[in-house]
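Dumped upload.txt below, it's compact mmCIF, C-alpha atoms and all ligand atoms:
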```txt
# COMPACT_ATOMS: atom_id res chain seq x y z
CA MET A 1 53.52 69.23 -117.57
CA ALA A 2 56.38 71.22 -115.94
CA SER A 3 57.12 70.49 -112.31
CA PHE A 4 59.73 71.59 -109.78
CA LYS A 5 60.89 70.77 -106.25
CA ALA A 6 59.04 72.41 -103.37
CA ILE A 7 58.59 72.00 -99.62
CA VAL A 8 54.90 71.23 -99.30
CA ILE A 9 52.86 71.26 -96.08
CA GLU A 10 49.71 69.17 -96.14
CA LYS A 11 47.01 68.51 -93.59
CA GLY A 12 45.27 65.18 -93.22
CA GLU A 13 43.36 63.32 -90.53
CA ALA A 14 46.64 62.49 -88.78
CA GLY A 15 47.60 66.18 -88.68
CA GLN A 16 50.15 68.21 -90.58
CA SER A 17 52.89 66.68 -92.74
CA VAL A 18 55.75 68.32 -94.59
CA ALA A 19 57.90 66.97 -97.43
CA LEU A 20 60.20 68.03 -100.25
CA LYS A 21 58.38 66.86 -103.38
CA ASP A 22 57.60 67.59 -107.01
CA PHE A 23 55.00 70.32 -107.53
CA ASP A 24 53.18 70.95 -110.81
CA GLU A 25 53.62 74.46 -112.15
CA ALA A 26 49.96 74.36 -113.22
CA ASP A 27 48.99 74.22 -109.52
CA LEU A 28 50.61 77.57 -108.66
CA MET A 29 48.11 80.20 -107.53
CA ASP A 30 47.02 83.23 -109.54
CA GLY A 31 49.41 86.13 -109.94
CA ASP A 32 50.68 88.45 -112.63
CA VAL A 33 54.41 87.70 -112.17
CA THR A 34 56.19 84.32 -112.27
CA VAL A 35 59.57 84.30 -110.53
CA ARG A 36 62.45 81.83 -110.70
CA VAL A 37 63.37 81.69 -107.02
CA GLY A 38 67.10 81.81 -106.35
CA TRP A 39 67.35 82.22 -102.59
CA SER A 40 65.20 82.09 -99.49
CA THR A 41 65.88 82.02 -95.78
CA ILE A 42 64.72 80.60 -92.46
CA ASN A 43 62.81 83.03 -90.27
CA TYR A 44 61.15 82.30 -86.92
CA LYS A 45 57.77 82.12 -88.67
CA ASP A 46 59.14 79.48 -91.09
CA GLY A 47 60.12 77.43 -88.04
CA LEU A 48 56.58 77.73 -86.70
CA ALA A 49 55.04 76.77 -90.06
CA ILE A 50 57.23 73.70 -90.64
CA ALA A 51 56.92 72.49 -87.05
CA GLY A 52 53.14 73.08 -87.20
CA LYS A 53 53.38 74.83 -83.83
CA ALA A 54 51.21 77.86 -84.56
CA PRO A 55 48.46 78.51 -87.07
CA VAL A 56 50.78 80.15 -89.61
CA VAL A 57 49.55 78.14 -92.60
CA ARG A 58 45.95 78.89 -93.52
CA ARG A 59 45.62 77.03 -96.84
CA PHE A 60 46.55 73.44 -97.71
CA PRO A 61 48.50 72.23 -99.54
CA MET A 62 50.94 75.09 -98.88
CA ILE A 63 54.45 75.67 -100.16
CA ALA A 64 56.29 76.95 -97.06
CA GLY A 65 58.64 79.94 -96.97
CA ILE A 66 57.74 83.58 -96.29
CA ASP A 67 60.40 85.37 -98.36
CA PHE A 68 62.50 85.02 -101.49
CA ALA A 69 64.83 86.71 -103.91
CA GLY A 70 64.70 85.72 -107.55
CA THR A 71 64.45 86.65 -111.21
CA VAL A 72 61.24 87.48 -113.06
CA GLU A 73 60.49 84.87 -115.74
CA THR A 74 57.20 86.24 -117.09
CA SER A 75 55.13 89.27 -116.16
CA SER A 76 51.91 90.97 -117.20
CA HIS A 77 52.41 93.60 -114.46
CA PRO A 78 53.47 97.02 -115.83
CA ALA A 79 56.34 97.44 -113.31
CA TRP A 80 58.10 94.14 -114.04
CA GLN A 81 59.78 92.50 -117.00
CA ALA A 82 61.55 89.18 -117.59
CA GLY A 83 65.03 89.36 -116.10
CA ASP A 84 64.22 91.83 -113.30
CA GLU A 85 65.73 90.87 -109.94
CA VAL A 86 63.16 91.04 -107.16
CA ILE A 87 62.57 90.49 -103.44
CA LEU A 88 59.35 89.44 -101.72
CA ASN A 89 58.70 89.54 -97.95
CA GLY A 90 55.40 88.56 -96.40
CA TRP A 91 52.05 89.56 -97.92
CA GLY A 92 50.84 86.09 -96.83
CA LEU A 93 53.56 84.15 -98.73
CA GLY A 94 53.83 80.72 -97.11
CA GLU A 95 50.66 81.46 -95.10
CA THR A 96 47.77 82.06 -97.51
CA HIS A 97 49.70 82.18 -100.82
CA LEU A 98 52.03 79.41 -102.11
CA GLY A 99 55.47 80.30 -100.77
CA ALA A 100 59.20 80.57 -101.26
CA TYR A 101 60.70 77.09 -100.72
CA ALA A 102 60.25 76.18 -104.39
CA HIS A 103 62.03 76.74 -107.66
CA LYS A 104 59.13 78.85 -108.90
CA ALA A 105 56.59 81.26 -107.43
CA ARG A 106 53.66 83.07 -109.02
CA VAL A 107 52.78 86.24 -107.12
CA LYS A 108 51.27 89.70 -107.41
CA GLY A 109 53.61 92.25 -108.95
CA ASP A 110 52.38 94.77 -106.35
CA TRP A 111 54.12 92.69 -103.66
CA LEU A 112 57.59 92.89 -105.18
CA VAL A 113 60.50 95.16 -104.34
CA ARG A 114 63.41 95.65 -106.74
CA LEU A 115 66.75 94.22 -105.57
CA PRO A 116 68.83 97.26 -104.50
CA ALA A 117 71.73 98.16 -106.80
CA GLY A 118 74.96 96.54 -105.65
CA MET A 119 73.19 93.90 -103.49
CA SER A 120 73.21 90.26 -104.59
CA ALA A 121 70.11 88.08 -104.34
CA ARG A 122 71.99 85.93 -101.84
CA GLU A 123 72.77 88.96 -99.67
CA ALA A 124 69.12 90.02 -99.85
CA MET A 125 68.09 86.70 -98.35
CA ALA A 126 70.91 86.70 -95.81
CA ILE A 127 69.08 89.84 -94.67
CA GLY A 128 65.65 88.28 -95.29
CA THR A 129 62.47 89.19 -93.48
CA ALA A 130 64.31 89.25 -90.14
CA GLY A 131 66.79 91.85 -91.38
CA TYR A 132 64.18 93.92 -93.20
CA THR A 133 62.15 93.92 -89.97
CA ALA A 134 65.24 95.10 -88.04
CA MET A 135 65.50 97.99 -90.52
CA LEU A 136 61.80 98.82 -90.02
CA CYS A 137 62.49 98.95 -86.27
CA VAL A 138 65.47 101.28 -86.71
CA MET A 139 63.48 103.56 -89.03
CA ALA A 140 60.65 103.70 -86.46
CA LEU A 141 63.11 104.70 -83.72
CA GLU A 142 64.48 107.44 -85.98
CA ARG A 143 60.96 108.76 -86.67
CA ALA A 144 60.39 108.81 -82.89
CA GLY A 145 63.46 111.02 -82.46
CA VAL A 146 65.84 108.44 -80.98
CA THR A 147 69.22 109.71 -82.20
CA PRO A 148 72.68 108.40 -81.17
CA GLN A 149 73.08 111.58 -79.05
CA ARG A 150 70.04 110.65 -76.95
CA GLY A 151 71.75 107.59 -75.46
CA PRO A 152 72.25 103.81 -75.92
CA VAL A 153 69.80 101.48 -77.65
CA VAL A 154 69.11 97.98 -76.30
CA VAL A 155 68.54 95.03 -78.67
CA THR A 156 66.88 91.93 -77.20
CA GLY A 157 67.22 88.44 -78.70
CA ALA A 158 70.45 89.92 -79.97
CA ALA A 159 72.08 86.72 -81.24
CA GLY A 160 68.98 85.84 -83.31
CA GLY A 161 68.17 87.03 -86.84
CA VAL A 162 66.35 90.31 -86.16
CA GLY A 163 68.72 91.02 -83.28
CA SER A 164 71.97 90.42 -85.19
CA VAL A 165 70.97 92.69 -88.07
CA ALA A 166 69.67 95.35 -85.65
CA VAL A 167 72.99 95.38 -83.77
CA ALA A 168 74.99 95.80 -87.01
CA LEU A 169 72.67 98.49 -88.40
CA LEU A 170 72.56 100.55 -85.20
CA LYS A 171 76.34 100.39 -84.83
CA LYS A 172 76.88 101.62 -88.39
CA LEU A 173 74.44 104.48 -87.76
CA GLY A 174 76.48 105.61 -84.75
CA TYR A 175 74.42 104.27 -81.85
CA GLN A 176 75.89 102.74 -78.73
CA VAL A 177 74.33 99.26 -78.71
CA VAL A 178 73.51 97.20 -75.62
CA ALA A 179 72.95 93.58 -76.73
CA SER A 180 70.81 91.33 -74.53
CA THR A 181 71.32 87.60 -75.02
CA GLY A 182 70.73 84.30 -73.25
CA ARG A 183 73.89 82.96 -74.89
CA PRO A 184 76.93 84.42 -73.11
CA GLN A 185 79.13 82.33 -75.41
CA GLU A 186 78.05 84.66 -78.24
CA ALA A 187 79.44 87.80 -76.54
CA ASP A 188 82.44 87.97 -78.92
CA TYR A 189 80.13 87.48 -81.92
CA LEU A 190 77.88 90.34 -80.73
CA LYS A 191 80.84 92.63 -80.04
CA ALA A 192 82.20 91.90 -83.53
CA LEU A 193 78.80 92.95 -84.96
CA GLY A 194 79.05 96.23 -83.04
CA ALA A 195 77.67 95.79 -79.52
CA ALA A 196 79.36 98.10 -77.01
CA GLU A 197 77.96 96.07 -74.10
CA VAL A 198 76.53 92.55 -73.82
CA ILE A 199 74.08 91.83 -70.98
CA ASP A 200 72.50 88.59 -69.77
CA ARG A 201 68.87 88.38 -70.80
CA LYS A 202 68.04 87.25 -67.25
CA GLU A 203 68.42 90.95 -66.28
CA LEU A 204 65.29 91.61 -68.37
CA SER A 205 63.29 88.41 -67.92
CA GLY A 206 61.76 88.68 -64.43
CA PRO A 207 58.56 90.56 -63.55
CA ALA A 208 58.97 94.23 -64.48
CA LYS A 209 58.67 97.12 -62.04
CA PRO A 210 56.40 99.91 -63.28
CA LEU A 211 59.51 102.12 -63.51
CA ALA A 212 63.16 101.07 -63.11
CA LYS A 213 66.50 102.82 -63.41
CA GLU A 214 66.73 104.59 -66.78
CA ARG A 215 69.29 102.72 -68.92
CA TRP A 216 68.64 103.42 -72.63
CA ALA A 217 67.03 105.90 -74.99
CA GLY A 218 65.53 103.21 -77.20
CA GLY A 219 65.09 99.53 -77.86
CA VAL A 220 64.55 96.93 -80.57
CA ASP A 221 62.65 94.04 -79.03
CA SER A 222 62.09 90.68 -80.71
CA VAL A 223 61.23 88.84 -77.47
CA GLY A 224 57.99 90.36 -76.03
CA SER A 225 56.49 89.34 -72.66
CA THR A 226 58.38 90.33 -69.47
CA THR A 227 61.46 91.24 -71.55
CA LEU A 228 59.60 94.00 -73.38
CA ALA A 229 58.01 95.10 -70.08
CA ASN A 230 61.48 95.47 -68.50
CA VAL A 231 62.88 97.25 -71.55
CA LEU A 232 60.02 99.77 -71.34
CA SER A 233 60.46 100.33 -67.61
CA MET A 234 64.19 101.02 -68.14
CA THR A 235 63.75 103.42 -71.08
CA ARG A 236 64.79 107.02 -70.48
CA TYR A 237 62.38 109.94 -70.48
CA GLY A 238 61.02 110.58 -74.01
CA GLY A 239 62.54 107.39 -75.44
CA ALA A 240 60.94 104.76 -77.69
CA VAL A 241 60.92 100.99 -78.11
CA ALA A 242 60.16 99.16 -81.37
CA ALA A 243 58.36 95.86 -80.68
CA CYS A 244 58.43 93.29 -83.47
CA GLY A 245 58.58 89.82 -81.92
CA LEU A 246 57.34 87.22 -79.49
CA ALA A 247 60.23 84.77 -79.12
CA GLY A 248 59.73 84.90 -75.33
CA GLY A 249 55.93 85.13 -75.32
CA MET A 250 52.98 87.02 -76.75
CA ASP A 251 51.87 88.62 -73.49
CA LEU A 252 52.95 92.05 -72.27
CA PRO A 253 52.75 92.28 -68.45
CA THR A 254 53.47 95.99 -68.07
CA SER A 255 51.80 99.11 -66.68
CA VAL A 256 51.11 102.49 -68.22
CA ALA A 257 53.80 104.06 -66.01
CA PRO A 258 56.53 104.30 -68.69
CA PHE A 259 54.05 105.93 -71.08
CA ILE A 260 52.42 108.46 -68.75
CA LEU A 261 55.31 109.25 -66.39
CA ARG A 262 58.30 109.07 -68.78
CA ALA A 263 56.63 109.83 -72.13
CA VAL A 264 58.04 106.57 -73.51
CA SER A 265 56.56 105.39 -76.85
CA LEU A 266 55.88 101.79 -77.83
CA LEU A 267 56.25 101.42 -81.60
CA GLY A 268 54.53 98.44 -83.27
CA ILE A 269 56.36 96.89 -86.22
CA ASP A 270 54.77 94.63 -88.85
CA SER A 271 56.68 93.44 -91.88
CA VAL A 272 53.94 91.37 -93.53
CA MET A 273 51.41 94.03 -94.58
CA CYS A 274 53.85 96.95 -94.42
CA PRO A 275 52.97 99.44 -97.20
CA LEU A 276 55.16 99.34 -100.33
CA PRO A 277 56.80 102.80 -99.95
CA LEU A 278 58.06 101.90 -96.47
CA ARG A 279 59.39 98.54 -97.74
CA GLN A 280 61.15 100.24 -100.62
CA GLU A 281 62.74 102.70 -98.22
CA ALA A 282 63.77 99.88 -95.86
CA TRP A 283 65.45 97.91 -98.66
CA LYS A 284 67.16 101.03 -99.98
CA ARG A 285 68.51 101.72 -96.50
CA LEU A 286 69.64 98.08 -96.13
CA GLY A 287 71.63 98.63 -99.32
CA THR A 288 73.58 101.47 -97.72
CA ASP A 289 73.40 101.11 -93.93
CA LEU A 290 74.32 97.45 -93.37
CA ASP A 291 77.97 96.48 -93.27
CA ARG A 292 78.23 93.59 -95.78
CA SER A 293 81.19 91.96 -94.03
CA LYS A 294 79.09 91.80 -90.85
CA LEU A 295 76.18 90.35 -92.85
CA ALA A 296 78.53 87.65 -94.14
CA ALA A 297 79.76 86.96 -90.60
CA MET A 298 76.21 86.42 -89.29
CA SER A 299 75.03 84.14 -92.15
CA THR A 300 75.25 80.43 -92.85
CA GLU A 301 74.00 78.70 -96.01
CA ILE A 302 72.01 75.49 -96.46
CA PRO A 303 70.41 73.84 -99.52
CA LEU A 304 66.64 73.46 -99.92
CA SER A 305 66.96 69.78 -99.00
CA GLU A 306 68.05 70.71 -95.42
CA VAL A 307 65.26 73.17 -94.62
CA ILE A 308 62.83 70.67 -93.07
CA ALA A 309 65.46 69.36 -90.63
CA THR A 310 66.87 72.81 -89.83
CA ALA A 311 63.84 75.12 -89.52
CA PRO A 312 62.33 73.87 -86.22
CA GLY A 313 65.66 74.58 -84.44
CA ILE A 314 65.02 78.31 -84.66
CA LEU A 315 62.09 77.95 -82.24
CA ALA A 316 64.43 76.77 -79.49
CA GLY A 317 66.57 79.89 -79.89
CA GLY A 318 69.40 77.72 -81.20
CA VAL A 319 70.12 79.57 -84.44
CA ARG A 320 72.79 82.26 -84.46
CA GLY A 321 72.24 85.11 -86.90
CA ARG A 322 70.73 84.24 -90.25
CA ILE A 323 70.33 81.07 -92.33
CA VAL A 324 70.19 81.63 -96.08
CA VAL A 325 68.66 78.89 -98.26
CA LYS A 326 69.96 78.14 -101.74
CA ILE A 327 66.97 77.21 -103.88
CA GLY A 328 68.06 77.32 -107.52
P1 LIG B 1 65.46 84.06 -83.94
O1 LIG B 1 65.08 82.76 -83.33
O2 LIG B 1 66.58 84.09 -84.91
O3 LIG B 1 65.78 85.11 -82.79
C1 LIG B 1 65.04 85.17 -81.60
C2 LIG B 1 66.00 85.33 -80.43
O4 LIG B 1 65.24 85.61 -79.27
C3 LIG B 1 66.79 84.07 -80.10
O5 LIG B 1 67.92 83.91 -80.90
C4 LIG B 1 67.15 84.35 -78.66
O6 LIG B 1 68.22 85.26 -78.64
C5 LIG B 1 65.91 85.07 -78.13
N1 LIG B 1 64.98 84.16 -77.45
C6 LIG B 1 64.48 82.99 -77.90
N2 LIG B 1 63.66 82.44 -77.01
C7 LIG B 1 63.64 83.27 -75.94
C8 LIG B 1 62.98 83.25 -74.69
N3 LIG B 1 62.17 82.24 -74.34
N4 LIG B 1 63.19 84.29 -73.84
C9 LIG B 1 64.00 85.30 -74.17
N5 LIG B 1 64.66 85.38 -75.36
C10 LIG B 1 64.47 84.38 -76.23
O7 LIG B 1 64.14 84.63 -84.64
P2 LIG B 1 64.00 85.91 -85.61
O8 LIG B 1 65.06 86.88 -85.31
O9 LIG B 1 63.80 85.44 -87.00
O10 LIG B 1 62.60 86.50 -85.11
C11 LIG B 1 62.54 87.07 -83.81
C12 LIG B 1 61.10 87.39 -83.45
O11 LIG B 1 60.64 88.44 -84.31
C13 LIG B 1 60.13 86.23 -83.64
O12 LIG B 1 59.18 86.25 -82.59
C14 LIG B 1 59.46 86.53 -84.96
O13 LIG B 1 58.19 85.96 -85.05
C15 LIG B 1 59.42 88.03 -84.93
N6 LIG B 1 59.35 88.65 -86.24
C16 LIG B 1 58.35 89.54 -86.45
C17 LIG B 1 58.22 90.18 -87.62
C18 LIG B 1 57.17 91.21 -87.77
O14 LIG B 1 56.77 91.49 -88.91
N7 LIG B 1 56.70 91.80 -86.71
C19 LIG B 1 59.09 89.86 -88.76
C20 LIG B 1 60.20 88.97 -88.41
C21 LIG B 1 60.28 88.37 -87.19
P3 LIG B 1 69.43 85.17 -77.56
O15 LIG B 1 69.92 83.77 -77.59
O16 LIG B 1 70.42 86.17 -78.05
O17 LIG B 1 68.84 85.55 -76.24
```
Please express the file's structure as structure tokens.
Amino acid sequence: MASFKAIVIEKGEAGQSVALKDFDEADLMDGDVTVRVGWSTINYKDGLAIAGKAPVVRRFPMIAGIDFAGTVETSSHPAWQAGDEVILNGWGLGETHLGAYAHKARVKGDWLVRLPAGMSAREAMAIGTAGYTAMLCVMALERAGVTPQRGPVVVTGAAGGVGSVAVALLKKLGYQVVASTGRPQEADYLKALGAAEVIDRKELSGPAKPLAKERWAGGVDSVGSTTLANVLSMTRYGGAVAACGLAGGMDLPTSVAPFILRAVSLLGIDSVMCPLPLRQEAWKRLGTDLDRSKLAAMSTEIPLSEVIATAPGILAGGVRGRIVVKIG
């Protein structure tokens, strides 16, 4: 019987355990497309799953990993043929469906997006779910009418994965970017990605006033909690903030003041169940609107064998930019 290496999370009486081990291909779950996985990545949610810190995994045993890029091996789905290069983000991968940290995956063809022309599979996973989510945030701001002419855009958790890609994307699209970070030593890194101004995240971390001095026309927030509350209270009249993360907490201690007195919009962003047309648009845009040299500058590479030791570090906010994982 064919087997391959995979990072498998199991749950026993002593709790959760995780190991790199052989996995039988016959034990893959149902799906109409089998993919040879080439690359994956470490996202915040992967850190949570491997550390067992939040109920991310809802089926055991589980192969961890929420996103991959790879090549179709076999398909009975009408859209896909052997040899097609594909990307998968979310849809329960690594949560309810056997995931990405494995040489093979069997998935639903309806979940797949074609690798954009001119983008390598490695670049797709340097972007990963974090970068695709940053693009969803930018697209939401655009739909809400936040143009570069309306004023600066703040990015919180700027030195992290979502934040780094958001800074680079917004810069390329002509926005003036204010990067908020708890790591002042990364100011040069953030300026090289395109930040016009770098601020200390402490400015946004205390209790928020209902309304504060208007500082920006929009925001991309991956932190939540008091940070998002402060971003909202400092958003200019008619502006909008895309909220995608909870690195600082899941609560939102705010008031309705920014919404009813400044017509500010709070835009919710979800990458996991995002409808296919929006995903396809996001990946197409990532193919054209992300500066590849900046993507290279924000990415580091590790092999599959280092994922278990590396992933929990992302929860402490210790990872800069993106980590791409070589699987094949
Ligand atoms: P990273 O860890 O790479 O980035 C998060 C950043 O947030 C850190 O680098 C740090 O940036 C900042 N941060 C961390 N802890 C705190 C804290 N206690 N208070 C304030 N700031 C903090 O993670 P990702 O970029 O991969 O993900 C970011 C968030 O977005 C996560 O919560 C993740 O779950 C969420 N997410 C949501 C998705 C969705 O579909 N909605 C999809 C992808 C991610 P700095 O050092 O610069 O301050």
Collect all residues with atoms no farther than 6 Å from ligand LIG 1 (chain B), counting only C-alpha atoms and all ligand atoms, and output them as an mmCIF file with C-alpha atoms, keeping the file's coordinate frame.
```cif
data_model
loop_
_atom_site.group_PDB
_atom_site.id
_atom_site.type_symbol
_atom_site.label_atom_id
_atom_site.label_comp_id
_atom_site.auth_asym_id
_atom_site.auth_seq_id
_atom_site.Cartn_x
_atom_site.Cartn_y
_atom_site.Cartn_z
ATOM 1 C CA ASN A 43 62.810 83.030 -90.270
ATOM 2 C CA TYR A 44 61.150 82.300 -86.920
ATOM 3 C CA LYS A 45 57.770 82.120 -88.670
ATOM 4 C CA THR A 129 62.470 89.190 -93.480
ATOM 5 C CA ALA A 130 64.310 89.250 -90.140
ATOM 6 C CA THR A 133 62.150 93.920 -89.970
ATOM 7 C CA GLY A 157 67.220 88.440 -78.700
ATOM 8 C CA ALA A 158 70.450 89.920 -79.970
ATOM 9 C CA ALA A 159 72.080 86.720 -81.240
ATOM 10 C CA GLY A 160 68.980 85.840 -83.310
ATOM 11 C CA GLY A 161 68.170 87.030 -86.840
ATOM 12 C CA VAL A 162 66.350 90.310 -86.160
ATOM 13 C CA GLY A 163 68.720 91.020 -83.280
ATOM 14 C CA THR A 181 71.320 87.600 -75.020
ATOM 15 C CA GLY A 182 70.730 84.300 -73.250
ATOM 16 C CA ARG A 183 73.890 82.960 -74.890
ATOM 17 C CA SER A 222 62.090 90.680 -80.710
ATOM 18 C CA VAL A 223 61.230 88.840 -77.470
ATOM 19 C CA CYS A 244 58.430 93.290 -83.470
ATOM 20 C CA GLY A 245 58.580 89.820 -81.920
ATOM 21 C CA LEU A 246 57.340 87.220 -79.490
ATOM 22 C CA ALA A 247 60.230 84.770 -79.120
ATOM 23 C CA GLY A 248 59.730 84.900 -75.330
ATOM 24 C CA ILE A 269 56.360 96.890 -86.220
ATOM 25 C CA ASP A 270 54.770 94.630 -88.850
ATOM 26 C CA SER A 271 56.680 93.440 -91.880
ATOM 27 C CA VAL A 272 53.940 91.370 -93.530
ATOM 28 C CA ILE A 314 65.020 78.310 -84.660
ATOM 29 C CA LEU A 315 62.090 77.950 -82.240
ATOM 30 C CA GLY A 317 66.570 79.890 -79.890
ATOM 31 C CA VAL A 319 70.120 79.570 -84.440
#
```
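Here the question is which of A:Arg59, A:Lys104, A:Ala297, A:Val264 gets nearest to Tyr189 of chain A using all atoms listed in the file, and that residue is A:Ala297.
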Would you list the residues near (55.6, 90.5, -77.2), meaning any protein, DNA or RNA residue with an atom at most 7 Å from that point in file coordinates, counting only C-alpha atoms, as number ranges by chain? A: 223-225, 228, 243, 245-246, 249-252
Nearest to Leu20 of chain A, chosen from A:Arg106, A:Leu304, A:Thr147, A:Met125, with all atoms listed in the file counted in the distances: A:Leu304
With distances taken over all atoms listed in the file, which of A:Glu95, A:Ala212, A:Ser233, A:Ala192 is nearest to Leu48 of chain A? A:Glu95
For Val167 of chain A, the nearest of the candidates A:Ala82, A:Leu290, A:Ala51, A:Ala309, counting all atoms listed in the file: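 Result for the nearest residue to Val167 of chain A: A:Leu290.
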Go ahead and compute the interatomic distance for atom CA of Asp84 of chain A and atom CA of Ala6 of chain A, in Å to one decimal.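 Atom CA of Asp84 of chain A sits 22.4 Å away from atom CA of Ala6 of chain A.
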Write out as a PyMOL selection string which residues come within 6 Å of Ser40 of chain A when counting only C-alpha atoms, dropping same-chain ones fewer than 2 positions away. chain A and resi 67-68+125+325
Restricting it to C-alpha atoms, dump the selection as a compact mmCIF listing (two decimals), keeping the file's coordinate frame.
```txt
# COMPACT_ATOMS: atom_id res chain seq x y z
CA ASP A 67 60.40 85.37 -98.36
CA PHE A 68 62.50 85.02 -101.49
CA MET A 125 68.09 86.70 -98.35
CA VAL A 325 68.66 78.89 -98.26
```
